[in-house]
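This report refers to the structure that appears directly beneath it.
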Amino acid sequence: QVQLVESGGGLVQPGGSLRLSCAASGSIRSINRMGWYRQAPGKQRALVAGITNGVTTNYADPVKGRFAISRDNAKNTMYLQMNSLKPEDTAVYYCNALANWRENYWGQGTQVTVSS
């Protein structure tokens, strides 16, 4: 079992920055991949960024060059640095962990609102 707790969401003006954190606990060693997803009202949950084995990263096209995913193994924490935020980035952001290449775990979500 893996438990995930997100933090760092909030209200920010367009062009601003936020950093999301996802603290993992439980069977940490079983985690193969972690990622951030987001879900805006009326839309499906979609991948924002992922990191595999703590090294390989991938990003959705809308956030490339603006967002950066990282993982601190010593703190069992994953981050999403979000810069140059746009109103269309407004969504609930979820932390995800894939363990044993077959078990999906989710955090409770954190709201990010980009508005002036």
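Within each chain, counting starts at residue 1; across the structure tokens, chains are named A, B, ... in the order shown, with ligands numbered 1 upward in that order.
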
Proximity check region 35-105 of chain A to region 5-11 of chain A, 10 Å, nearest pairs one decimal Å, only C-alpha atoms, as CSV:
```
residue,atom,partner,partner_atom,distance
A:Thr77,CA,A:Val5,CA,9.4
A:Met78,CA,A:Glu6,CA,9.2
A:Tyr79,CA,A:Glu6,CA,9.3
A:Leu80,CA,A:Gly8,CA,9.5
A:Thr90,CA,A:Leu11,CA,9.2
A:Ala91,CA,A:Gly9,CA,9.9
A:Val92,CA,A:Gly9,CA,8.6
A:Tyr93,CA,A:Gly9,CA,8.1
A:Tyr94,CA,A:Glu6,CA,7.3
A:Cys95,CA,A:Glu6,CA,6.6
A:Asn96,CA,A:Val5,CA,9.9
```

For the selection just defined, write its residues with N, CA, C and O atoms to a file, as a compact mmCIF listing (two decimals), in the first residue's frame.
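What landed in again-v1.txt:
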```
# COMPACT_ATOMS: atom_id res chain seq x y z
N THR A 77 9.29 12.51 -1.44
CA THR A 77 8.40 13.55 -1.89
C THR A 77 8.63 13.87 -3.37
O THR A 77 9.77 13.90 -3.83
N MET A 78 7.54 14.08 -4.07
CA MET A 78 7.58 14.51 -5.47
C MET A 78 7.07 15.94 -5.55
O MET A 78 6.19 16.33 -4.76
N TYR A 79 7.62 16.68 -6.48
CA TYR A 79 7.24 18.09 -6.63
C TYR A 79 6.79 18.39 -8.06
O TYR A 79 7.18 17.70 -9.00
N LEU A 80 6.00 19.42 -8.19
CA LEU A 80 5.68 19.97 -9.49
C LEU A 80 5.84 21.48 -9.40
O LEU A 80 5.03 22.15 -8.74
N THR A 90 -6.02 26.08 -14.43
CA THR A 90 -6.92 25.91 -13.28
C THR A 90 -7.53 24.51 -13.29
O THR A 90 -8.12 24.09 -14.29
N ALA A 91 -7.36 23.80 -12.19
CA ALA A 91 -7.85 22.42 -12.09
C ALA A 91 -7.55 21.89 -10.68
O ALA A 91 -6.83 22.54 -9.91
N VAL A 92 -8.10 20.73 -10.40
CA VAL A 92 -7.66 19.97 -9.23
C VAL A 92 -6.50 19.10 -9.68
O VAL A 92 -6.62 18.37 -10.67
N TYR A 93 -5.41 19.20 -8.98
CA TYR A 93 -4.21 18.45 -9.32
C TYR A 93 -4.08 17.24 -8.39
O TYR A 93 -4.17 17.38 -7.16
N TYR A 94 -3.83 16.08 -8.99
CA TYR A 94 -3.74 14.83 -8.25
C TYR A 94 -2.36 14.21 -8.40
O TYR A 94 -1.80 14.17 -9.50
N CYS A 95 -1.87 13.69 -7.31
CA CYS A 95 -0.63 12.93 -7.32
C CYS A 95 -0.97 11.46 -7.56
O CYS A 95 -1.97 10.95 -7.04
N ASN A 96 -0.15 10.81 -8.36
CA ASN A 96 -0.36 9.39 -8.68
C ASN A 96 0.93 8.62 -8.51
O ASN A 96 2.01 9.13 -8.80
```

Please return as a PyMOL selection string: the residues of chain A that backbone DSSP assigns to strand (DSSP E). chain A and resi 2-7+10-12+18-26+31-39+46-52+56-59+67-72+77-82+91-99+103-106+110-114

Considering only C-alpha atoms, return as a ChimeraX atom specification whatever protein or nucleic-acid residues lie within 12 Å of Lys75 (chain A), sequence-local ones (same chain, fewer than 2 positions apart) excluded. /A:21-25,28,70-73,77-79

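Between CA of Gly109 (chain A) and CA of Asn32 (chain A) the interatomic distance comes to 20.5 Å.
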
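Neighbouring residues of Gly50 (chain A) at 8 Å or closer, counting only C-alpha atoms and skipping chain neighbours under 5 positions away, are Arg33, Met34, Gly35, Trp36, Thr57, Asn58, Tyr59 and Ile69 of chain A.
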
Just the residues within 12 Å of Pro14 (chain A), please, counting only C-alpha atoms, with nothing from its chain fewer than 4 positions along; format it as an MDAnalysis selection string. chainID A and resid 18 82:90 112:116

Please compute the CA of Ala99 (chain A)-CA of Leu47 (chain A) distance, one decimal, in Å.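 CA of Leu47 (chain A) lies at a distance of 17.0 Å from CA of Ala99 (chain A).
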
To one decimal place in Å, what is the distance between CA of Trp101 (chain A) and CA of Ser30 (chain A)?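 So the two atoms, CA of Trp101 (chain A) and CA of Ser30 (chain A), lie 8.4 Å apart.
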
I'd like to know which residues of region 14-108 of chain A are helix (DSSP H, G or I) (by DSSP, run on the backbone); could you write them as a list in words? Ile28, Arg29, Ser30, Asp61, Pro62, Val63, Pro87, Glu88 and Asp89 of chain A
